[in-house]
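> So I've got this file, data_7.pdb, and it contains PDB, C-alpha atoms:
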ATOM      1  CA  MET F   1      12.813  24.683 -12.438
ATOM      2  CA  THR F   2      14.407  21.547 -11.017
ATOM      3  CA  ARG F   3      12.517  18.528  -9.734
ATOM      4  CA  LYS F   4      13.807  15.980  -7.291
ATOM      5  CA  ILE F   5      13.458  12.383  -8.401
ATOM      6  CA  GLU F   6      13.270   9.992  -5.474
ATOM      7  CA  ALA F   7      14.915   6.585  -5.686
ATOM      8  CA  GLY F   8      13.627   3.644  -3.717
ATOM      9  CA  VAL F   9      13.852  -0.096  -3.199
ATOM     10  CA  PHE F  10      11.055  -2.622  -3.655
ATOM     11  CA  ILE F  11      11.732  -4.660  -0.523
ATOM     12  CA  PRO F  12      11.297  -8.452  -0.433
ATOM     13  CA  THR F  13       8.512  -8.984   2.097
ATOM     14  CA  VAL F  14       7.383 -11.778  -0.241
ATOM     15  CA  ARG F  15       9.071 -15.054  -1.165
ATOM     16  CA  SER F  16      11.272 -14.643  -4.289
ATOM     17  CA  GLY F  17      10.388 -10.971  -4.166
ATOM     18  CA  TRP F  18      12.650  -9.631  -6.893
ATOM     19  CA  ILE F  19      12.926 -12.317  -9.567
ATOM     20  CA  HIS F  20      10.180 -14.519 -11.065
ATOM     21  CA  SER F  21      12.339 -17.599 -11.544
ATOM     22  CA  ALA F  22      13.007 -20.980  -9.953
ATOM     23  CA  ASN F  23      16.723 -20.126 -10.288
ATOM     24  CA  THR F  24      16.582 -16.932  -8.226
ATOM     25  CA  PRO F  25      18.734 -16.671  -5.125
ATOM     26  CA  TRP F  26      16.394 -17.652  -2.321
ATOM     27  CA  SER F  27      14.426 -14.837  -0.731
ATOM     28  CA  PRO F  28      12.332 -16.101   2.177
ATOM     29  CA  GLY F  29       9.543 -13.518   2.304
ATOM     30  CA  SER F  30      10.325 -12.762   5.936
ATOM     31  CA  TYR F  31      10.344  -9.625   8.049
ATOM     32  CA  ARG F  32      13.961 -10.247   9.082
ATOM     33  CA  HIS F  33      15.132 -10.245   5.444
ATOM     34  CA  ALA F  34      13.049  -7.144   4.642
ATOM     35  CA  LEU F  35      14.565  -5.391   7.666
ATOM     36  CA  GLU F  36      18.108  -6.131   6.483
ATOM     37  CA  VAL F  37      17.335  -4.799   2.993
ATOM     38  CA  THR F  38      15.618  -1.693   4.414
ATOM     39  CA  ARG F  39      18.525  -0.836   6.706
ATOM     40  CA  LEU F  40      20.973  -1.290   3.820
ATOM     41  CA  ALA F  41      18.798   0.900   1.549
ATOM     42  CA  GLU F  42      18.772   3.650   4.164
ATOM     43  CA  TYR F  43      22.544   3.361   4.672
ATOM     44  CA  LEU F  44      23.083   3.653   0.902
ATOM     45  CA  GLY F  45      20.951   6.802   0.748
ATOM     46  CA  PHE F  46      17.755   5.593  -0.910
ATOM     47  CA  ASP F  47      14.788   7.880  -0.322
ATOM     48  CA  PHE F  48      12.164   5.218   0.322
ATOM     49  CA  VAL F  49      11.374   1.539   0.518
ATOM     50  CA  LEU F  50       8.107   0.020  -0.710
ATOM     51  CA  SER F  51       6.733  -3.343   0.359
ATOM     52  CA  PRO F  52       4.306  -5.296  -1.817
ATOM     53  CA  GLN F  53       1.089  -6.752  -0.431
ATOM     54  CA  ASN F  54       0.008 -10.246  -1.346
ATOM     55  CA  TRP F  55      -2.854 -12.355  -0.071
ATOM     56  CA  ARG F  56      -2.235 -15.772  -1.587
ATOM     57  CA  GLY F  57       0.696 -16.029  -4.006
ATOM     58  CA  ALA F  58       1.554 -18.778  -6.436
ATOM     59  CA  GLN F  59       1.135 -22.343  -5.220
ATOM     60  CA  GLY F  60       3.463 -24.106  -7.679
ATOM     61  CA  PRO F  61       6.892 -25.598  -6.965
ATOM     62  CA  THR F  62       8.539 -22.214  -6.265
ATOM     63  CA  ARG F  63       5.561 -20.791  -4.278
ATOM     64  CA  PHE F  64       6.417 -17.382  -5.802
ATOM     65  CA  TRP F  65       5.067 -14.700  -3.432
ATOM     66  CA  GLY F  66       3.430 -17.554  -1.518
ATOM     67  CA  ASP F  67       5.153 -16.690   1.765
ATOM     68  CA  THR F  68       4.622 -13.071   2.697
ATOM     69  CA  VAL F  69       4.727 -10.591   5.533
ATOM     70  CA  GLU F  70       1.719  -8.273   5.656
ATOM     71  CA  SER F  71       2.784  -4.929   4.178
ATOM     72  CA  ILE F  72       1.055  -2.538   6.589
ATOM     73  CA  ALA F  73       2.232  -4.362   9.710
ATOM     74  CA  ALA F  74       5.775  -4.505   8.320
ATOM     75  CA  THR F  75       5.657  -0.765   7.600
ATOM     76  CA  GLY F  76       5.005   0.041  11.255
ATOM     77  CA  ALA F  77       7.974  -2.035  12.338
ATOM     78  CA  LEU F  78      10.266  -0.693   9.599
ATOM     79  CA  LEU F  79       9.415   2.903  10.515
ATOM     80  CA  GLN F  80      10.646   2.143  14.029
ATOM     81  CA  ALA F  81      13.821   0.553  12.658
ATOM     82  CA  THR F  82      14.799   3.492  10.420
ATOM     83  CA  GLN F  83      15.648   7.162  10.931
ATOM     84  CA  ARG F  84      15.500   8.875   7.536
ATOM     85  CA  SER F  85      13.983   6.744   4.771
ATOM     86  CA  ASN F  86      10.318   6.906   3.916
ATOM     87  CA  VAL F  87       8.480   3.598   4.243
ATOM     88  CA  TRP F  88       5.562   2.920   1.898
ATOM     89  CA  CYS F  89       3.017   0.172   2.398
ATOM     90  CA  THR F  90       0.711  -1.322  -0.220
ATOM     91  CA  THR F  91      -3.048  -1.203   0.252
ATOM     92  CA  HIS F  92      -5.820  -2.827  -1.767
ATOM     93  CA  THR F  93      -9.040  -0.922  -2.251
ATOM     94  CA  ASN F  94     -10.936  -4.222  -2.450
ATOM     95  CA  VAL F  95      -9.610  -5.351   0.958
ATOM     96  CA  HIS F  96      -9.385  -2.241   3.171
ATOM     97  CA  HIS F  97     -12.308   0.066   3.899
ATOM     98  CA  PRO F  98     -11.213   3.705   3.350
ATOM     99  CA  ALA F  99     -12.122   4.834   6.873
ATOM    100  CA  ALA F 100     -10.094   1.984   8.347
ATOM    101  CA  ILE F 101      -7.061   2.569   6.136
ATOM    102  CA  ALA F 102      -7.201   6.307   6.838
ATOM    103  CA  LYS F 103      -6.867   5.544  10.562
ATOM    104  CA  ILE F 104      -4.180   2.906  10.086
ATOM    105  CA  VAL F 105      -1.984   5.103   7.876
ATOM    106  CA  ALA F 106      -2.545   8.127  10.134
ATOM    107  CA  SER F 107      -1.183   5.990  12.967
ATOM    108  CA  LEU F 108       1.800   4.989  10.819
ATOM    109  CA  ALA F 109       2.411   8.678  10.071
ATOM    110  CA  GLU F 110       2.634   9.318  13.806
ATOM    111  CA  ILE F 111       4.935   6.332  14.365
ATOM    112  CA  GLY F 112       7.274   7.444  11.564
ATOM    113  CA  GLU F 113       6.940  11.204  12.130
ATOM    114  CA  GLY F 114       5.505  11.644   8.645
ATOM    115  CA  ARG F 115       7.808   9.247   6.757
ATOM    116  CA  VAL F 116       4.965   7.047   5.504
ATOM    117  CA  GLY F 117       3.464   6.508   2.081
ATOM    118  CA  MET F 118       0.854   4.289   0.490
ATOM    119  CA  ASN F 119       0.857   2.379  -2.783
ATOM    120  CA  ILE F 120      -2.785   1.988  -3.866
ATOM    121  CA  VAL F 121      -3.835  -1.144  -5.770
ATOM    122  CA  THR F 122      -7.353  -1.739  -7.075
ATOM    123  CA  GLY F 123      -7.263  -5.507  -7.095
ATOM    124  CA  GLY F 124      -4.622  -7.114  -9.232
ATOM    125  CA  HIS F 125      -5.008 -10.797  -9.997
ATOM    126  CA  GLN F 126      -8.371 -12.409  -9.378
ATOM    127  CA  ALA F 127      -6.672 -15.687  -8.451
ATOM    128  CA  SER F 128      -5.088 -14.010  -5.416
ATOM    129  CA  PHE F 129      -8.403 -12.758  -4.042
ATOM    130  CA  ALA F 130     -11.266 -14.980  -5.193
ATOM    131  CA  PRO F 131     -10.257 -17.968  -3.001
ATOM    132  CA  LEU F 132     -10.391 -15.658   0.033
ATOM    133  CA  GLY F 133     -13.745 -14.109  -0.829
ATOM    134  CA  LEU F 134     -12.121 -10.734  -1.527
ATOM    135  CA  TRP F 135     -13.033 -10.383  -5.202
ATOM    136  CA  ASP F 136     -16.168  -8.748  -6.607
ATOM    137  CA  ASP F 137     -16.972 -10.293  -9.984
ATOM    138  CA  THR F 138     -19.615  -7.666 -10.684
ATOM    139  CA  LEU F 139     -17.015  -4.917 -11.129
ATOM    140  CA  SER F 140     -15.183  -4.432 -14.410
ATOM    141  CA  HIS F 141     -11.553  -3.366 -14.573
ATOM    142  CA  ASP F 142     -12.500   0.285 -15.037
ATOM    143  CA  GLU F 143     -15.177   0.127 -12.334
ATOM    144  CA  ARG F 144     -12.552  -0.979  -9.824
ATOM    145  CA  TYR F 145     -10.909   2.396 -10.490
ATOM    146  CA  ASP F 146     -14.271   4.097  -9.990
ATOM    147  CA  VAL F 147     -14.279   2.493  -6.538
ATOM    148  CA  ALA F 148     -10.703   3.683  -6.029
ATOM    149  CA  ASP F 149     -11.637   7.271  -6.929
ATOM    150  CA  GLU F 150     -14.199   7.327  -4.111
ATOM    151  CA  TRP F 151     -11.917   5.346  -1.803
ATOM    152  CA  ILE F 152      -9.036   7.815  -1.990
ATOM    153  CA  GLU F 153     -11.374  10.799  -1.749
ATOM    154  CA  VAL F 154     -12.724   9.419   1.538
ATOM    155  CA  VAL F 155      -9.208   8.682   2.831
ATOM    156  CA  LYS F 156      -7.966  12.192   2.038
ATOM    157  CA  ARG F 157     -11.007  13.787   3.612
ATOM    158  CA  PHE F 158     -10.441  11.848   6.851
ATOM    159  CA  TRP F 159      -6.854  13.129   6.822
ATOM    160  CA  THR F 160      -7.794  16.777   6.258
ATOM    161  CA  GLU F 161     -11.294  17.448   7.659
ATOM    162  CA  GLU F 162     -12.706  17.633  11.175
ATOM    163  CA  ARG F 163     -15.846  15.685  10.259
ATOM    164  CA  VAL F 164     -16.519  13.601   7.175
ATOM    165  CA  ASN F 165     -19.910  13.282   5.548
ATOM    166  CA  PHE F 166     -19.892  11.452   2.242
ATOM    167  CA  GLU F 167     -22.538   9.919   0.026
ATOM    168  CA  GLY F 168     -21.141   8.104  -2.982
ATOM    169  CA  ARG F 169     -21.894   5.161  -5.196
ATOM    170  CA  PHE F 170     -19.743   2.796  -3.138
ATOM    171  CA  TYR F 171     -19.216   4.439   0.267
ATOM    172  CA  THR F 172     -21.272   6.396   2.775
ATOM    173  CA  MET F 173     -19.906   8.279   5.795
ATOM    174  CA  ASP F 174     -22.080  10.025   8.378
ATOM    175  CA  ASP F 175     -20.196  12.368  10.704
ATOM    176  CA  GLY F 176     -16.942  10.426  10.567
ATOM    177  CA  ILE F 177     -14.130  11.649  12.827
ATOM    178  CA  LEU F 178     -10.463  10.675  12.776
ATOM    179  CA  ARG F 179      -7.920  12.020  15.242
ATOM    180  CA  PRO F 180      -5.041  12.478  15.287
ATOM    181  CA  ARG F 181      -4.752  13.263  11.595
ATOM    182  CA  PRO F 182      -1.403  13.171   9.773
ATOM    183  CA  ALA F 183       0.555  16.399  10.165
ATOM    184  CA  ARG F 184       1.243  16.272   6.425
ATOM    185  CA  MET F 185      -0.275  14.287   3.587
ATOM    186  CA  PRO F 186       1.296  10.814   3.303
ATOM    187  CA  THR F 187       2.898  10.060  -0.057
ATOM    188  CA  LEU F 188       0.413   8.421  -2.416
ATOM    189  CA  GLU F 189       1.330   6.408  -5.472
ATOM    190  CA  THR F 190      -0.100   3.813  -7.795
ATOM    191  CA  ALA F 191       1.404   1.758 -10.595
ATOM    192  CA  GLY F 192      -1.642   1.241 -12.825
ATOM    193  CA  ALA F 193      -0.579   0.861 -16.450
ATOM    194  CA  SER F 194      -3.967   0.886 -18.209
ATOM    195  CA  PRO F 195      -5.420   4.153 -19.538
ATOM    196  CA  ARG F 196      -7.975   4.130 -16.680
ATOM    197  CA  GLY F 197      -5.271   3.310 -14.146
ATOM    198  CA  GLN F 198      -3.109   6.183 -15.354
ATOM    199  CA  ARG F 199      -6.052   8.591 -15.085
ATOM    200  CA  PHE F 200      -6.507   7.447 -11.476
TER
END
Can the structure from this file be put into structure tokens for me?

Amino acid sequence: MTRKIEAGVFIPTVRSGWIHSANTPWSPGSYRHALEVTRLAEYLGFDFVLSPQNWRGAQGPTRFWGDTVESIAATGALLQATQRSNVWCTTHTNVHHPAAIAKIVASLAEIGEGRVGMNIVTGGHQASFAPLGLWDDTLSHDERYDVADEWIEVVKRFWTEERVNFEGRFYTMDDGILRPRPARMPTLETAGASPRGQRF
């Protein structure tokens, strides 16, 4: 049996997006730059592009990831600007409610005729979220993945079921409806490296 391995490009929607160094060639963290990279990636035959999501970034001399284009908004625009490549956004379970993200990504699936995917992140660095009030100190590292387990279950159910009723530890849905639903399941991926992250 053969398996296809997809190759993609991590696009620079964030300042200094590829290299963590003051000596890196300047990358502005702009939509225009991300668009140029995405069009080149599609021309060269890459299967997908993935944009990171950042809410604050470093505030030192290089402001690494300090200037950023919002990943989900950029995905909608990049889907319109491409013909073949898949475009994956990054979502944070601690920022986006699952019912809301299910609707947003379903809309992106319609815009891109199914060429959309979602990178799921459970939090990342506290320093990026705590100043914005988006960090829950009561949750441990592993508990953030417990939230993510429920989160993605709710998202998938909105994408596949007529009506969603859900009673969990973190989320409750009562007769939720989402239409139109994606014609096919958007690509889902996560880059968690911990044992709990890999189980997720």
> Residues near Val87 (chain F), anyone? I mean within 12 Å using only C-alpha atoms, not counting same-chain ones fewer than 3 positions away, as a ChimeraX atom specification.
/F:8-11,34-35,38-39,41-42,46-52,71-84,90,105,108-109,111-119,186-188
> So that I have them on file, write out the residues from the current selection with C-alpha atoms, as a tab-separated table (two decimals), in the frame of the given file.

chain	number	residue	atom	x	y	z
F	8	GLY	CA	13.63	3.64	-3.72
F	9	VAL	CA	13.85	-0.10	-3.20
F	10	PHE	CA	11.06	-2.62	-3.66
F	11	ILE	CA	11.73	-4.66	-0.52
F	34	ALA	CA	13.05	-7.14	4.64
F	35	LEU	CA	14.56	-5.39	7.67
F	38	THR	CA	15.62	-1.69	4.41
F	39	ARG	CA	18.52	-0.84	6.71
F	41	ALA	CA	18.80	0.90	1.55
F	42	GLU	CA	18.77	3.65	4.16
F	46	PHE	CA	17.76	5.59	-0.91
F	47	ASP	CA	14.79	7.88	-0.32
F	48	PHE	CA	12.16	5.22	0.32
F	49	VAL	CA	11.37	1.54	0.52
F	50	LEU	CA	8.11	0.02	-0.71
F	51	SER	CA	6.73	-3.34	0.36
F	52	PRO	CA	4.31	-5.30	-1.82
F	71	SER	CA	2.78	-4.93	4.18
F	72	ILE	CA	1.06	-2.54	6.59
F	73	ALA	CA	2.23	-4.36	9.71
F	74	ALA	CA	5.78	-4.50	8.32
F	75	THR	CA	5.66	-0.76	7.60
F	76	GLY	CA	5.00	0.04	11.26
F	77	ALA	CA	7.97	-2.04	12.34
F	78	LEU	CA	10.27	-0.69	9.60
F	79	LEU	CA	9.41	2.90	10.52
F	80	GLN	CA	10.65	2.14	14.03
F	81	ALA	CA	13.82	0.55	12.66
F	82	THR	CA	14.80	3.49	10.42
F	83	GLN	CA	15.65	7.16	10.93
F	84	ARG	CA	15.50	8.88	7.54
F	90	THR	CA	0.71	-1.32	-0.22
F	105	VAL	CA	-1.98	5.10	7.88
F	108	LEU	CA	1.80	4.99	10.82
F	109	ALA	CA	2.41	8.68	10.07
F	111	ILE	CA	4.93	6.33	14.36
F	112	GLY	CA	7.27	7.44	11.56
F	113	GLU	CA	6.94	11.20	12.13
F	114	GLY	CA	5.50	11.64	8.64
F	115	ARG	CA	7.81	9.25	6.76
F	116	VAL	CA	4.96	7.05	5.50
F	117	GLY	CA	3.46	6.51	2.08
F	118	MET	CA	0.85	4.29	0.49
F	119	ASN	CA	0.86	2.38	-2.78
F	186	PRO	CA	1.30	10.81	3.30
F	187	THR	CA	2.90	10.06	-0.06
F	188	LEU	CA	0.41	8.42	-2.42
> Can you work out the spacing between CA of Ile152 (chain F) and CA of Pro131 (chain F) in Å, to one decimal?
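These atoms are spaced 25.8 Å apart.
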> What is the CA of Tyr145 (chain F) to CA of Gln198 (chain F) distance in Å?
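These two atoms are separated by 9.9 Å.
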> My list of candidates is F:Leu44, F:Met1, F:Ala102, F:Val14. Which is closest to Pro180 (chain F) when distances are computed with all atoms listed in the file?
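Among F:Leu44, F:Met1, F:Ala102, F:Val14, it is F:Ala102 that comes nearest to Pro180 (chain F).
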> Looking at all atoms listed in the file, which of F:Ile19, F:Ile5, F:Val164, F:Leu134 is the one that sits closest to Phe64 (chain F)?
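Looking only at the distances to Phe64 (chain F), the closest residue turns out to be F:Ile19.
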> When distances are computed from all atoms listed in the file, which of F:Ala100, F:Val69, F:Ala193, F:Ala127 shows the smallest separation from His33 (chain F)?
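That would be F:Val69, the residue with the smallest distance to His33 (chain F).
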> Using the chain letters and numbers from this file, what does the PyMOL selection byres ((chain F and resi 99) around 8) select? Give the answer as an MDAnalysis selection string.
chainID F and resid 97:98 100:103 154:155 158
> Using only C-alpha atoms, which protein or nucleic acid residues come within 12 Å of Val147 (chain F)? Drop anything in the same chain fewer than 2 positions from it, and give the result as number ranges by chain.
F: 92-98, 120-123, 136, 139-145, 149-154, 168-171, 197, 200
